[in-house]
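Participant: This is the content of target_29.tsv (TSV, C-alpha atoms and all ligand atoms):
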chain	number	residue	atom	x	y	z
Z	1	MET	CA	-3.95	4.81	0.32
Z	2	THR	CA	-2.91	2.42	-2.46
Z	3	GLU	CA	-3.33	3.66	-6.01
Z	4	ARG	CA	-6.35	2.43	-7.95
Z	5	PHE	CA	-5.34	-0.16	-10.54
Z	6	SER	CA	-7.39	1.67	-13.17
Z	7	GLN	CA	-5.09	4.67	-12.65
Z	8	VAL	CA	-2.01	2.43	-12.90
Z	9	VAL	CA	-3.07	0.99	-16.28
Z	10	ARG	CA	-4.31	4.39	-17.50
Z	11	GLN	CA	-0.79	5.68	-16.79
Z	12	GLN	CA	0.78	2.69	-18.57
Z	13	ALA	CA	-1.40	3.40	-21.60
Z	14	ASP	CA	-1.00	7.18	-21.43
Z	15	ALA	CA	1.02	7.52	-24.67
Z	16	ILE	CA	-1.67	5.56	-26.55
Z	17	TRP	CA	-4.52	7.57	-25.02
Z	18	GLU	CA	-2.83	10.91	-25.70
Z	19	SER	CA	-2.21	9.77	-29.31
Z	20	GLN	CA	-5.96	9.28	-29.57
Z	21	HIS	CA	-6.65	12.80	-28.25
Z	22	SER	CA	-4.22	14.29	-30.75
Z	23	HIS	CA	-5.29	12.06	-33.65
Z	24	PRO	CA	-6.50	14.14	-36.63
Z	25	PHE	CA	-9.79	12.21	-36.66
Z	26	VAL	CA	-10.53	13.07	-33.01
Z	27	ARG	CA	-9.33	16.67	-33.33
Z	28	GLY	CA	-11.41	17.02	-36.49
Z	29	LEU	CA	-14.58	16.16	-34.56
Z	30	GLY	CA	-13.96	19.17	-32.33
Z	31	THR	CA	-12.87	21.59	-35.05
Z	32	ALA	CA	-15.54	20.36	-37.51
Z	33	GLU	CA	-12.73	19.82	-40.03
Z	34	LEU	CA	-13.09	16.03	-40.13
Z	35	PRO	CA	-13.88	15.06	-43.75
Z	36	LEU	CA	-17.38	13.60	-44.01
Z	37	PRO	CA	-16.23	10.37	-45.79
Z	38	CYS	CA	-14.01	9.58	-42.79
Z	39	PHE	CA	-16.91	10.10	-40.40
Z	40	GLN	CA	-19.25	8.01	-42.57
Z	41	TYR	CA	-16.67	5.21	-42.67
Z	42	TRP	CA	-16.34	5.41	-38.87
Z	43	LEU	CA	-20.12	5.45	-38.42
Z	44	VAL	CA	-20.74	2.24	-40.35
Z	45	GLN	CA	-17.76	0.42	-38.86
Z	46	ASP	CA	-18.71	1.55	-35.38
Z	47	TYR	CA	-22.22	0.21	-35.83
Z	48	ARG	CA	-20.73	-3.22	-36.60
Z	49	PHE	CA	-18.42	-2.77	-33.60
Z	50	LEU	CA	-21.27	-1.88	-31.22
Z	51	ILE	CA	-23.30	-4.94	-32.19
Z	52	ASP	CA	-20.42	-7.13	-30.98
Z	53	TYR	CA	-19.75	-4.88	-28.00
Z	54	ALA	CA	-23.35	-5.51	-26.91
Z	55	ARG	CA	-22.69	-9.26	-27.31
Z	56	LEU	CA	-19.61	-8.88	-25.09
Z	57	LEU	CA	-21.75	-7.20	-22.44
Z	58	GLY	CA	-24.29	-10.03	-22.74
Z	59	LEU	CA	-21.47	-12.47	-22.04
Z	60	GLY	CA	-20.55	-10.22	-19.09
Z	61	ILE	CA	-24.08	-10.64	-17.70
Z	62	ALA	CA	-23.72	-14.41	-18.00
Z	63	ARG	CA	-20.32	-14.48	-16.31
Z	64	ALA	CA	-20.83	-11.93	-13.51
Z	65	SER	CA	-20.94	-13.44	-10.04
Z	66	ASP	CA	-23.55	-11.16	-8.45
Z	67	LEU	CA	-26.91	-9.62	-9.31
Z	68	ALA	CA	-25.76	-6.01	-8.87
Z	69	THR	CA	-23.07	-6.48	-11.53
Z	70	MET	CA	-25.49	-8.32	-13.82
Z	71	THR	CA	-27.99	-5.46	-13.48
Z	72	GLN	CA	-25.38	-2.85	-14.29
Z	73	PHE	CA	-24.18	-4.81	-17.33
Z	74	ALA	CA	-27.80	-4.95	-18.48
Z	75	GLU	CA	-28.00	-1.15	-18.10
Z	76	LEU	CA	-24.77	-0.75	-20.08
Z	77	THR	CA	-26.15	-3.01	-22.81
Z	78	ARG	CA	-29.32	-0.92	-22.98
Z	79	THR	CA	-27.27	2.29	-23.29
Z	80	ILE	CA	-25.25	0.84	-26.18
Z	81	LEU	CA	-28.23	-0.62	-28.05
Z	82	SER	CA	-30.52	2.36	-27.49
Z	83	VAL	CA	-28.64	5.60	-26.82
Z	84	GLU	CA	-25.41	5.03	-28.76
Z	85	MET	CA	-26.83	3.12	-31.68
Z	86	THR	CA	-29.69	5.62	-31.98
Z	87	LEU	CA	-27.06	8.34	-32.46
Z	88	HIS	CA	-25.54	6.24	-35.24
Z	89	ARG	CA	-28.91	5.56	-36.86
Z	90	SER	CA	-29.80	9.24	-36.81
Z	91	TYR	CA	-26.47	10.28	-38.42
Z	92	ALA	CA	-26.89	7.45	-40.96
Z	93	ALA	CA	-30.40	8.69	-41.87
Z	94	GLN	CA	-28.95	12.17	-42.55
Z	95	PHE	CA	-26.42	10.62	-44.94
Z	96	GLY	CA	-28.92	8.32	-46.65
Z	97	ILE	CA	-27.29	5.19	-45.18
Z	98	SER	CA	-29.94	2.52	-44.51
Z	99	THR	CA	-30.10	0.36	-41.39
Z	100	SER	CA	-29.43	-2.73	-43.49
Z	101	GLN	CA	-26.28	-1.07	-44.89
Z	102	LEU	CA	-25.24	-0.31	-41.31
Z	103	GLU	CA	-25.72	-3.93	-40.33
Z	104	SER	CA	-24.19	-5.60	-43.36
Z	105	THR	CA	-21.16	-3.51	-44.43
Z	106	PRO	CA	-18.11	-5.81	-44.21
Z	107	LYS	CA	-15.86	-5.19	-41.23
Z	108	SER	CA	-12.58	-3.39	-41.82
Z	109	PRO	CA	-9.37	-5.06	-40.55
Z	110	ALA	CA	-9.43	-2.88	-37.40
Z	111	THR	CA	-13.08	-3.66	-36.65
Z	112	GLN	CA	-12.51	-7.37	-37.23
Z	113	ALA	CA	-9.44	-7.39	-35.00
Z	114	TYR	CA	-11.10	-5.43	-32.19
Z	115	THR	CA	-14.39	-7.36	-32.11
Z	116	ASP	CA	-12.60	-10.72	-32.38
Z	117	PHE	CA	-10.37	-9.74	-29.47
Z	118	LEU	CA	-13.34	-8.69	-27.33
Z	119	ILE	CA	-15.41	-11.80	-28.01
Z	120	ARG	CA	-12.40	-14.09	-27.57
Z	121	THR	CA	-11.53	-12.43	-24.25
Z	122	ALA	CA	-15.16	-12.63	-23.09
Z	123	THR	CA	-15.34	-16.34	-23.84
Z	124	CYS	CA	-11.82	-17.67	-23.16
Z	125	ALA	CA	-10.31	-15.38	-20.51
Z	126	ASP	CA	-11.32	-14.71	-16.91
Z	127	PHE	CA	-13.92	-12.15	-15.87
Z	128	GLY	CA	-11.28	-9.58	-14.82
Z	129	GLU	CA	-9.82	-9.66	-18.34
Z	130	LEU	CA	-13.30	-9.29	-19.85
Z	131	VAL	CA	-13.81	-6.11	-17.81
Z	132	ALA	CA	-10.28	-4.88	-18.63
Z	133	ALA	CA	-10.93	-5.41	-22.36
Z	134	LEU	CA	-14.19	-3.45	-22.33
Z	135	LEU	CA	-12.92	-0.54	-20.21
Z	136	PRO	CA	-10.98	1.55	-22.80
Z	137	CYS	CA	-14.12	1.70	-24.94
Z	138	MET	CA	-16.29	3.25	-22.19
Z	139	TRP	CA	-13.68	5.29	-20.39
Z	140	GLY	CA	-11.82	6.42	-23.52
Z	141	PHE	CA	-14.92	7.79	-25.28
Z	142	SER	CA	-16.05	9.50	-22.09
Z	143	GLU	CA	-12.64	11.19	-21.74
Z	144	ILE	CA	-12.57	12.17	-25.44
Z	145	GLY	CA	-16.16	13.50	-25.33
Z	146	GLN	CA	-15.40	15.58	-22.24
Z	147	ARG	CA	-12.17	17.03	-23.63
Z	148	LEU	CA	-13.89	17.96	-26.90
Z	149	ALA	CA	-16.80	19.53	-25.00
Z	150	GLN	CA	-14.37	21.71	-23.04
Z	151	GLN	CA	-13.08	23.31	-26.25
Z	152	PRO	CA	-14.82	26.41	-27.64
Z	153	ALA	CA	-17.79	25.13	-29.67
Z	154	VAL	CA	-17.59	25.58	-33.46
Z	155	PRO	CA	-20.89	27.00	-34.82
Z	156	ASN	CA	-22.87	24.46	-36.89
Z	157	ASN	CA	-20.42	21.67	-36.12
Z	158	PRO	CA	-21.98	18.56	-37.75
Z	159	TYR	CA	-20.33	16.49	-35.03
Z	160	ALA	CA	-21.92	18.42	-32.12
Z	161	ASP	CA	-24.39	15.59	-31.36
Z	162	TRP	CA	-21.52	13.12	-31.29
Z	163	ILE	CA	-19.64	15.28	-28.76
Z	164	ARG	CA	-22.79	15.83	-26.65
Z	165	THR	CA	-23.52	12.09	-26.49
Z	166	TYR	CA	-20.08	11.10	-25.27
Z	167	ALA	CA	-19.61	14.13	-22.99
Z	168	ASP	CA	-22.89	13.31	-21.23
Z	169	PRO	CA	-22.45	12.92	-17.43
Z	170	GLU	CA	-24.55	9.73	-17.57
Z	171	PHE	CA	-22.04	8.20	-19.99
Z	172	ALA	CA	-19.25	9.29	-17.62
Z	173	GLN	CA	-21.06	7.64	-14.69
Z	174	LEU	CA	-21.24	4.34	-16.57
Z	175	ALA	CA	-17.53	4.62	-17.42
Z	176	GLN	CA	-16.75	5.33	-13.75
Z	177	TRP	CA	-18.80	2.33	-12.69
Z	178	CYS	CA	-16.69	0.18	-15.07
Z	179	CYS	CA	-13.51	1.64	-13.48
Z	180	GLY	CA	-14.83	0.76	-10.01
Z	181	LEU	CA	-15.60	-2.82	-11.07
Z	182	PHE	CA	-12.15	-3.08	-12.70
Z	183	ASP	CA	-10.52	-1.87	-9.45
Z	184	ARG	CA	-12.49	-4.35	-7.32
Z	185	LEU	CA	-11.62	-7.29	-9.59
Z	186	ALA	CA	-7.95	-6.21	-9.68
Z	187	SER	CA	-7.84	-6.13	-5.87
Z	188	GLU	CA	-9.26	-9.68	-5.78
Z	189	ALA	CA	-6.92	-10.99	-8.53
Z	190	GLY	CA	-3.41	-12.24	-7.82
Z	191	GLU	CA	-0.34	-10.67	-9.36
Z	192	SER	CA	-0.62	-12.76	-12.54
Z	193	GLY	CA	-4.34	-11.94	-12.86
Z	194	ARG	CA	-3.55	-8.21	-12.62
Z	195	LEU	CA	-0.86	-8.58	-15.29
Z	196	ARG	CA	-3.36	-10.22	-17.63
Z	197	MET	CA	-5.88	-7.44	-16.91
Z	198	ALA	CA	-3.25	-4.79	-17.70
Z	199	GLU	CA	-2.39	-6.62	-20.94
Z	200	ALA	CA	-6.06	-6.74	-22.01
Z	201	PHE	CA	-6.47	-3.04	-21.18
Z	202	LEU	CA	-3.40	-2.15	-23.26
Z	203	THR	CA	-4.54	-4.28	-26.22
Z	204	SER	CA	-7.98	-2.64	-26.26
Z	205	SER	CA	-6.33	0.79	-25.96
Z	206	ARG	CA	-4.20	0.04	-29.03
Z	207	LEU	CA	-7.25	-1.22	-30.90
Z	208	GLU	CA	-9.13	1.99	-29.97
Z	209	TRP	CA	-6.32	4.02	-31.53
Z	210	TRP	CA	-6.30	1.80	-34.63
Z	211	PHE	CA	-10.07	2.24	-34.99
Z	212	TRP	CA	-9.66	6.05	-35.33
Z	213	ASP	CA	-6.70	5.68	-37.63
Z	214	ALA	CA	-8.49	3.19	-39.89
Z	215	ALA	CA	-11.38	5.64	-40.34
Z	216	TRP	CA	-8.98	8.52	-40.98
Z	217	LYS	CA	-7.21	6.48	-43.69
Z	218	LEU	CA	-10.43	4.80	-44.97
Z	219	GLU	CA	-8.53	1.57	-44.46
Z	220	THR	CA	-9.49	-1.53	-46.44
Z	221	TRP	CA	-8.14	-5.08	-46.56
Z	222	PRO	CA	-4.79	-5.14	-48.40
Z	223	ILE	CA	-5.93	-8.10	-50.49
P	1	LIG	C1	-14.52	1.66	-31.27
P	1	LIG	C2	-15.40	2.27	-30.19
P	1	LIG	N1	-14.91	2.37	-28.94
P	1	LIG	C3	-15.74	2.89	-27.99
P	1	LIG	C4	-17.01	3.32	-28.24
P	1	LIG	C5	-17.87	3.90	-27.18
P	1	LIG	N2	-18.82	2.98	-26.72
P	1	LIG	C6	-17.44	3.20	-29.53
P	1	LIG	N3	-18.67	3.60	-29.91
P	1	LIG	N4	-16.63	2.68	-30.53
Here is the file; what I need is its structure written in the form of structure tokens.
Ligand SMILES: Cc1ncc(CN)c(N)n1
Facilitator:
Amino acid sequence: MTERFSQVVRQQADAIWESQHSHPFVRGLGTAELPLPCFQYWLVQDYRFLIDYARLLGLGIARASDLATMTQFAELTRTILSVEMTLHRSYAAQFGISTSQLESTPKSPATQAYTDFLIRTATCADFGELVAALLPCMWGFSEIGQRLAQQPAVPNNPYADWIRTYADPEFAQLAQWCCGLFDRLASEAGESGRLRMAEAFLTSSRLEWWFWDAAWKLETWPI
């Protein structure tokens, strides 16, 4: 049996993915030691990120070639806009952050870079690259949520809801569906198409890492 292309690119990006798992921000979610200002920074930036991620999925609906894929992209969009963003809104309410603050806080350099890359890929690249660019977001968070959920739970961890959301088997199913679509498109693409898909997957993986690191460092524009 030939190896799934998703496993090939996951292996190529392994150092980046493992750096995410060992990043102090990610570890801090599990140990409850993540400083609240870092989480609040992440929350607001991630809200801005998810708005554009939903736009990317909308472009995916428009560009998909069959109804089954369109329907699944619509389901993914619903999960982002309802389930994920509801988690963000509920954390924001606990911290006294309003919905308008969530929607209007300026993007950090990492958020700007990641969302620009996603929207550019969705509009200018082929459909395989669009799916490759969105995959680390779904698959990476599912893997991180599951690894954190396997650790002994810390009593009263303020990030327990975060871990529960991303460790949810339904989230994992959506991530696996994305992997399956990625594999199908890779098998239909030529060698150069697969190379471009691998490149998009690696770029999004790097941007995922940067997103954690920016929140950990409370990164702002240098000028
Ligand atoms: C940056 C980022 N990447 C992925 C996810 C999970 N959808 C997220 N909420 N934010």
Participant: What's the separation between CA of Gln45 in chain Z and atom C2 of ligand LIG 1 (chain P), in Å to one decimal place?
Facilitator: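 One can read the CA of Gln45 in chain Z to atom C2 of ligand LIG 1 (chain P) distance as 9.2 Å.
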Participant: Tell me, counting all atoms listed in the file, for each residue of chain Z within 10 Å of ligand LIG 1 (chain P), which pair of atoms is nearest and how far apart they are in Å to one decimal, in rows ordered by chain and increasing number, as a Markdown table.
Facilitator:
| residue | atom | partner | partner_atom | distance |
| --- | --- | --- | --- | --- |
| Z:Trp42 | CA | P:LIG1 | C1 | 8.7 |
| Z:Leu43 | CA | P:LIG1 | N3 | 8.8 |
| Z:Gln45 | CA | P:LIG1 | C1 | 8.3 |
| Z:Asp46 | CA | P:LIG1 | N4 | 5.4 |
| Z:Tyr47 | CA | P:LIG1 | N3 | 7.7 |
| Z:Arg48 | CA | P:LIG1 | N4 | 9.4 |
| Z:Phe49 | CA | P:LIG1 | C1 | 6.3 |
| Z:Leu50 | CA | P:LIG1 | N3 | 6.2 |
| Z:Ile51 | CA | P:LIG1 | N3 | 10.0 |
| Z:Tyr53 | CA | P:LIG1 | N2 | 8.0 |
| Z:Ala54 | CA | P:LIG1 | N2 | 9.6 |
| Z:Leu76 | CA | P:LIG1 | N2 | 9.7 |
| Z:Thr79 | CA | P:LIG1 | N2 | 9.1 |
| Z:Ile80 | CA | P:LIG1 | N2 | 6.8 |
| Z:Glu84 | CA | P:LIG1 | N3 | 7.0 |
| Z:Met85 | CA | P:LIG1 | N3 | 8.4 |
| Z:Leu87 | CA | P:LIG1 | N3 | 10.0 |
| Z:His88 | CA | P:LIG1 | N3 | 9.1 |
| Z:Ala110 | CA | P:LIG1 | C1 | 9.2 |
| Z:Thr111 | CA | P:LIG1 | C1 | 7.7 |
| Z:Tyr114 | CA | P:LIG1 | C1 | 7.9 |
| Z:Thr115 | CA | P:LIG1 | C1 | 9.1 |
| Z:Leu134 | CA | P:LIG1 | C3 | 8.6 |
| Z:Leu135 | CA | P:LIG1 | C3 | 9.0 |
| Z:Pro136 | CA | P:LIG1 | C3 | 7.2 |
| Z:Cys137 | CA | P:LIG1 | C3 | 3.7 |
| Z:Met138 | CA | P:LIG1 | N2 | 5.2 |
| Z:Trp139 | CA | P:LIG1 | C5 | 8.1 |
| Z:Gly140 | CA | P:LIG1 | C3 | 6.9 |
| Z:Phe141 | CA | P:LIG1 | C5 | 5.2 |
| Z:Ser142 | CA | P:LIG1 | C5 | 7.8 |
| Z:Ile144 | CA | P:LIG1 | C5 | 10.0 |
| Z:Gly145 | CA | P:LIG1 | C5 | 9.9 |
| Z:Thr165 | CA | P:LIG1 | C5 | 10.0 |
| Z:Tyr166 | CA | P:LIG1 | C5 | 7.8 |
| Z:Phe171 | CA | P:LIG1 | N2 | 9.1 |
| Z:Ala175 | CA | P:LIG1 | N2 | 9.5 |
| Z:Ser204 | CA | P:LIG1 | N1 | 9.0 |
| Z:Ser205 | CA | P:LIG1 | N1 | 9.2 |
| Z:Leu207 | CA | P:LIG1 | C1 | 7.8 |
| Z:Glu208 | CA | P:LIG1 | C1 | 5.6 |
| Z:Trp209 | CA | P:LIG1 | C1 | 8.5 |
| Z:Trp210 | CA | P:LIG1 | C1 | 8.9 |
| Z:Phe211 | CA | P:LIG1 | C1 | 5.8 |
| Z:Trp212 | CA | P:LIG1 | C1 | 7.7 |
Participant: Enter the distance from CA of Arg4 in chain Z to CA of Asp52 in chain Z, in Å, rounded to one decimal.
Facilitator: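 Rounded to one decimal, the two atoms are 28.6 Å apart.
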Participant: Compare Z:Ala153, Z:Val44, Z:Cys38, Z:Val9 by their minimum atom-to-atom distance to Pro106 in chain Z, counting only C-alpha atoms, and give me the closest one.
Facilitator: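 Under the stated criterion, the closest residue is Z:Val44.
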Participant: Nearest to Leu34 in chain Z: which of Z:Ser98, Z:Pro158, Z:Ser65, Z:Cys124 is it, counting all atoms listed in the file?
Facilitator: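 Under the stated criterion, the closest residue is Z:Pro158.
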Participant: Find the distance between CA of Ala62 in chain Z and CA of Arg184 in chain Z and write it in Å to one decimal.
Facilitator: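 According to the coordinates, CA of Ala62 in chain Z and CA of Arg184 in chain Z are separated by 18.5 Å.
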Participant: Using all atoms listed in the file for the distances, tell me which of Z:Thr31, Z:Ser108, Z:Ser22, Z:Thr77 is nearest to Ile61 in chain Z.
Facilitator: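 Looking only at the distances to Ile61 in chain Z, the closest residue turns out to be Z:Thr77.
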Participant: Measuring atom to atom with all atoms listed in the file, identify which of Z:Ala113, Z:Val154, Z:Ala64, Z:Val83 is nearest to Asp168 in chain Z.
Facilitator: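 When distances to Asp168 in chain Z are compared using all atoms listed in the file, the smallest one comes from Z:Val83.
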Participant: Compare Z:Gln40, Z:Thr220, Z:Gln7, Z:Ser19 by their minimum atom-to-atom distance to Lys107 in chain Z, counting only C-alpha atoms, and give me the closest one.
Facilitator: Z:Thr220
Participant: For Thr69 in chain Z, which of Z:Gln150, Z:Thr2, Z:Trp177, Z:Ile97 is the closest residue, counting all atoms listed in the file?
Facilitator: Z:Trp177
Participant: At a cut-off of 12 Å around the point (-7.3, -2.0, -8.1) (file coordinates), what residues fall inside when counting all atoms listed in the file? I'd like the answer as JSON, numbers by chain.
Facilitator: {"Z": [1, 2, 3, 4, 5, 6, 7, 8, 9, 10, 128, 132, 178, 179, 180, 181, 182, 183, 184, 185, 186, 187, 188, 189, 190, 191, 193, 194, 195, 197, 198]}
